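Worksheet: one structure, shown below.
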Amino acid sequence: MKRLLVVDDSKLMRDMVAACLRPLGAVTFEFAGSGLEAIERLALAGFDLVVLDLNMPDVGGVEVIEFVRSQDRLRALPILIVTTRGDDESRARVLQAGASGFLAKPFAPAQILDEVRRLLPSSVT
Amino acid sequence: MTERVDLQEFIGGFVVEAAELVTAANAALLEIEAGHAEGTSRPKAVRDVFRALHTIKGLAGMVGVEAIVDIAHGLETLIRTADRAGGQLSRAAVEVALQGVRAIGERVRAVSEQRTPAAAPPRLLEAIASTDATGDAPAVAPQVSAELDARLSPSERAQLANAVAAGAPAWMLSFAPSESNAARGVTIGSVRSRLATLGEIVKVAPRTVTGPSGAQLGIAFDILVVSSAPRETLADAIAASLESVAPVLAPPPPVAQAPLPAGPGAEPSTRELAERDDATADVVPIGRAVIRVELSRLDELQEQLSLLTVSRFRLEREIAAMADAGHDVRRLRQVADLQGRQLRDLRRAILRARMVRVAEVLEPLSLLVRSLARSSERAVRLELDARDTELDKAVADRLLPAMVHLVRNAVDHAIEPAAERRARGKPEAGTIRVACTEIAGNQLELVVSDDGRGIDRAAIARRSERTIDHDADLLDVLCGPGFSTRDVATRTSGRGLGMDIVRRIAVSDLGGELRLATTPGAGTSFTMRIPLTISIVEVFAFACGRQAFVVPVSAIEEIFEIADAGITPPSAPGGRSQVSLLERRGRAIPMFSLGRELAIDDGAAARKAMVIRRGGEAVAFSVDRMLGRQEVVVRAIDDPLVQAPGIAGATDLGDGRPTLVLDLGELGLAARERQLP
């Protein structure tokens with residue numbers, strides 16, 4: 001069973017991401033409503049993949065990526081960025097910061113499913 | 001294996017969340033406007049508006065509402081400029097942003113009513129694009145160490161300066177999350193909420209904690225907060241000792257070069273912060289962490305609970321019967337008592353889940369007053385004081401229209417024009433105050449008061465051709481249907497007061513009360529007392545022995561003319577529970593006279609039969625005639641002296657008289673038990 005952390009300050013967006021990823025089957029979803037909560041959860045427990053929003057309270061997605069990558073045990077954690085800022089400049093910046101994947105909102109359910117399948121360490125279903 | 005996922009199933013969730021974000025954006029914009037009036041900036045409110053619009057845009061994109069995406073995008077761009085410039089948003093920008101947010105709100109409503117929302121108006125988009133976002137008030141720079149200063153965005157710098165200038169010191173807190181803290185419910189989320197009640201959070205940033213050898217030991221959060229709370233309280237809020245709370249900046253006169261908390265790892269975190277992208281700017285979350293549940297699902301839960309309550313009554317009856325038969329039921333009774341308490345707790349928990357914050361319910365009044373004041377060219381201030389009161393969502397939905405009427409009347413009819421107020425020695429801006437407190441007996445008291453001209457009793461008496469001795473008489477006249485002050489005392493709109501509607505909502509719909517107190521020249525206050533919770537039930541109303549009763553529609557299987565059915569009359573006349581046998585579609589159904597069961601008449605005038613089904617068996621009651629079908633608010637009968645089997649509560653059919661809500665199932669059970677052993 002894989003553990004996914006979905007980070008977004010919108011509850012609806014978290015629900016939609018989880019719904020899109022339902023076809024993965026053997027995964028459990030956990031949720032964080034802010035970058036701060038995400039950092040705390042990642043520091044205290046092990047996850048297989050993070051779906052991360054960019055624009056969030058207190059600590060934005062880019063800062064979360066940088067902080068996660070500065071942690072020895074989290075350097076290889078797959079991070080998929082999901083953002084309304086879908087321009088090339090944002091994409092370049094988050095990939096440079098250490099994101100593993102980048103998806104612009106709005107996205108189709110199949111798109112995020114493909115991305116997550118690509119990024120999960122050993123494939124599920 | 002793939003499963004098709006349709007995001008349109010989230011449209012309901014979108015409507016709810018977008019409506020909340022619209023409310024949050026409006027509230028923040030009004031706060032910025034209040035800041036203009038006081039000559040201060042509100043950088044945090046600017047960030048709140050930005051966040052709300054950004055989230056609306058993202059969500060609208062996901063569910064494909066392009067018109068909202070367009071408007072939100074324009075506003076987001078406008079407000080980002082202001083945020084980057086230190087959180088100053090010009091008056092013109094606030095104005096156009098309010099228009100834009102209203103346009104978004106209209107489209108959210110269209111989506112909720114399953115209409116296609118209108119495209120974004122080009123003129124609005126142009127107006128947004130051509131507005132100068134930033135104000136001209138100079139940004140204030142707080143005197144903090146260069147090291148701390150480098151960690152702050154322009155907006156945070158301004159927020160820190162404003163907050164400290166308002167008279168509270170700034171602190172740097174260090175919170176270390178851990179499994180043991182998390183197990184006690186102490187997380188960065190809970191710490192954040194706690195600190196938000198103690199002061200203003202300017203910034204939170206993560207930091208790696210390293211050991212002497214440079215090994216990573218864990219993480220900590222640095223929290224910059226402006227608060228007048230004692231250092232001990234702040235330490236308590238982060239579950240840490242006093243060393244984790246360091247003073248950074250004292251209120252004016254400002255202290256330069258205050259120390260940053262020393263600690264390993266502060267260095268890399270500073271670098272990261274300095275390089276932070278503006279687009280990911282620190283913005284405070286809107287609303288609280290909540291799970292949304294459709295009201296109908298809570299209704300379902302309540303319905304199930306009532307069934308459980310009924311089966312519990314039966315259990316008690318069985319236990320009593322066993323006791324009567326000489327069995328030892330002490331232990332059984334203990335369990336039943338425990339279950340009874342648990343049921344009560346469950347009921348309370350379900351009621352709590354239906355509660356919404358009054359402050360949020362009444363939030364739209366701020367916008368209302370703003371626009372009414374503008375159109376009537378009066379200066380009016382609304383003070384909302386709802387503290388932490390909460391009330392049932394169903395009550396809240398009914399309450400708001402009454403509050404809108406009262407506040408509208410206050411602006412239109414009570415508050416004098418500025419010149420008149422000046423002449424009377426009053427402040428030019430009128431004040432309307434809405435205060436809400438919870439009082440005994442699960443009731444809420446709402447007071448809408450104004451400092452306007454008061455109601456001219458004599459003029460109203462002349463107009464209504466009645467003598468008015470007390471405020472109660474006055475209220476009675478004002479609440480007459482369609483009463484208007486058109487001809488009296490005011491030079492206002494001439495719209496009907498709508499007081500009949502206010503009273504209907506407060507008294508008939510909600511089972512509360514309405515009072516009035518007015519002092520000529522000094523102001524008027526309306527006081528409404530309403531129950532915190534109500535239950536709404538669709539009922540059939542019928543007459544039986546000159547009285548009206550109601551019964552829930554869901555309890556009735558069939559209603560028909562007795563004349564159309566074959567009847568076998570009671571075999572043994574006399575006594576209370578006489579049973580006839582009613583033939584209906586080849587079955588025989590026992591029929592009781594409701595008039596006799598309730599001991600109000602002999603049932604001779606009964607023309608209609610109502611069939612209920614209980615545990616698979618049908619029972620009919622004869623009643624005089626049906627009066628109609630409607631939704632009513634059912635009030636529980638709390639007085640133990642009045643409680644009786646078969647009576648589920650009381651209601652008001654709109655005639656002001658209490659009407660009993662019957663539980664025919666229970667009556668049927670009792671009648672059958674008496675008659676058919």
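The way I read the labels, and the way they are meant: chains A, B, ... in the order of the structure tokens, residue 1 as the first residue of every chain, and ligand 1 as the first ligand shown, with later ones counted on from there.
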_Interface residues on chain A facing chain B, 8 Å, only C-alpha atoms, written as a PyMOL selection string_ = chain A and resi 9-13+16+19-20+22-23+33+36-37+39-40+43-44+54-63+66-67+71-72+83-84+105-107+109+125
Those residues with C-alpha atoms, as a PDB file, in the first residue's frame please?
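Output file selection_27.pdb is given in full below:
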ATOM      1  CA  ASP A   9      -5.367  24.812   0.994  1.00  0.00           C
ATOM      2  CA  SER A  10      -8.633  24.126  -0.829  1.00  0.00           C
ATOM      3  CA  LYS A  11     -10.516  21.131   0.542  1.00  0.00           C
ATOM      4  CA  LEU A  12     -12.367  20.808  -2.751  1.00  0.00           C
ATOM      5  CA  MET A  13      -9.106  20.682  -4.690  1.00  0.00           C
ATOM      6  CA  MET A  16     -10.700  16.380  -6.653  1.00  0.00           C
ATOM      7  CA  ALA A  19     -10.883  11.417  -6.961  1.00  0.00           C
ATOM      8  CA  CYS A  20      -8.665  11.651 -10.040  1.00  0.00           C
ATOM      9  CA  ARG A  22      -8.768   6.728  -7.281  1.00  0.00           C
ATOM     10  CA  PRO A  23      -8.021   4.365 -10.209  1.00  0.00           C
ATOM     11  CA  GLY A  33      -4.117  22.124   4.140  1.00  0.00           C
ATOM     12  CA  LEU A  36       3.551  24.167   6.987  1.00  0.00           C
ATOM     13  CA  GLU A  37       1.400  21.144   7.737  1.00  0.00           C
ATOM     14  CA  ILE A  39       6.481  19.946   6.122  1.00  0.00           C
ATOM     15  CA  GLU A  40       5.425  18.743   9.554  1.00  0.00           C
ATOM     16  CA  ALA A  43       9.172  15.256   8.840  1.00  0.00           C
ATOM     17  CA  LEU A  44       7.227  12.904  11.100  1.00  0.00           C
ATOM     18  CA  LEU A  54       2.200  26.117  -5.247  1.00  0.00           C
ATOM     19  CA  ASN A  55       0.254  28.980  -3.765  1.00  0.00           C
ATOM     20  CA  MET A  56      -0.555  28.305  -0.144  1.00  0.00           C
ATOM     21  CA  PRO A  57      -0.681  30.051   3.221  1.00  0.00           C
ATOM     22  CA  ASP A  58       2.521  30.806   5.116  1.00  0.00           C
ATOM     23  CA  VAL A  59       4.860  28.643   3.134  1.00  0.00           C
ATOM     24  CA  GLY A  60       4.366  28.272  -0.602  1.00  0.00           C
ATOM     25  CA  GLY A  61       5.061  25.221  -2.702  1.00  0.00           C
ATOM     26  CA  VAL A  62       8.507  26.336  -3.876  1.00  0.00           C
ATOM     27  CA  GLU A  63       9.618  26.810  -0.302  1.00  0.00           C
ATOM     28  CA  GLU A  66      13.407  23.531  -1.191  1.00  0.00           C
ATOM     29  CA  PHE A  67      12.950  22.612   2.428  1.00  0.00           C
ATOM     30  CA  GLN A  71      16.353  17.150   4.355  1.00  0.00           C
ATOM     31  CA  ASP A  72      18.648  14.146   3.957  1.00  0.00           C
ATOM     32  CA  THR A  83      -0.636  24.823  -9.898  1.00  0.00           C
ATOM     33  CA  THR A  84      -2.822  27.464 -11.471  1.00  0.00           C
ATOM     34  CA  LYS A 105      -4.566  23.529 -13.387  1.00  0.00           C
ATOM     35  CA  PRO A 106      -7.022  22.911 -14.829  1.00  0.00           C
ATOM     36  CA  PHE A 107      -5.953  19.402 -15.712  1.00  0.00           C
ATOM     37  CA  PRO A 109      -8.170  13.395 -14.490  1.00  0.00           C
ATOM     38  CA  THR A 125      -1.694  -1.322 -10.816  1.00  0.00           C
TER      39      THR A 125
END
*Excluding same-chain residues fewer than 3 positions from Ser241 of chain B, what lies within 10 Å of it counting only C-alpha atoms, as number ranges by chain?*
B: 174, 231-232, 234-236, 238, 244-245
*Give the alpha helix (DSSP H) residues of chain A, as DSSP finds them on the backbone, and put them as an MDAnalysis selection string.*
chainID A and resid 11:21 35:44 61:69 88:97 109:119
*asked:* Neighbouring residues of Arg75 of chain A were defined as those with any atom within 12 Å, considering only C-alpha atoms; residues of the same chain fewer than 2 positions away were excluded. Please report them as a VMD selection string.
replied: chain A and resid 42 49 65 to 73 77 to 79 97 to 100
Filtering to C-alpha atoms, could you give me those residues as an mmCIF file, in the first residue's frame?
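To be explicit, this is the file written out as result.cif:
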data_model
loop_
_atom_site.group_PDB
_atom_site.id
_atom_site.type_symbol
_atom_site.label_atom_id
_atom_site.label_comp_id
_atom_site.auth_asym_id
_atom_site.auth_seq_id
_atom_site.Cartn_x
_atom_site.Cartn_y
_atom_site.Cartn_z
ATOM 1 C CA LEU A 42 6.745 14.766 5.957
ATOM 2 C CA LEU A 49 4.686 10.688 -3.138
ATOM 3 C CA ILE A 65 10.191 21.773 -2.197
ATOM 4 C CA GLU A 66 13.407 23.531 -1.191
ATOM 5 C CA PHE A 67 12.950 22.612 2.428
ATOM 6 C CA VAL A 68 12.097 18.991 1.628
ATOM 7 C CA ARG A 69 15.152 18.694 -0.626
ATOM 8 C CA SER A 70 17.366 20.089 2.155
ATOM 9 C CA GLN A 71 16.353 17.150 4.355
ATOM 10 C CA ASP A 72 18.648 14.146 3.957
ATOM 11 C CA ARG A 73 15.903 11.566 4.210
ATOM 12 C CA LEU A 77 10.748 11.821 -2.444
ATOM 13 C CA PRO A 78 8.712 12.296 -5.651
ATOM 14 C CA ILE A 79 6.958 15.688 -5.600
ATOM 15 C CA ALA A 97 13.867 23.939 -7.037
ATOM 16 C CA GLY A 98 13.686 20.142 -7.115
ATOM 17 C CA ALA A 99 10.110 19.178 -8.101
ATOM 18 C CA SER A 100 9.790 15.830 -9.845
#
*One decimal, Å: what's the distance from atom CA of Val186 of chain B over to atom CA of Leu148 of chain B, could you say?*
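Calculated distance between atom CA of Val186 of chain B and atom CA of Leu148 of chain B is 26.6 Å.
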*asked:* Can you tell me which residues surround segment 600-602 of chain B at a distance of at most 6 Å, considering only C-alpha atoms, apart from same-chain residues fewer than 3 positions away, and format the answer as an MDAnalysis selection string?
replied: chainID B and resid 545 595:596
_One-decimal distance in Å that lies between atom CA of Thr651 of chain B and atom CA of Ser593 of chain B_ =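 Value for the atom CA of Ser593 of chain B-atom CA of Thr651 of chain B distance: 22.7 Å.
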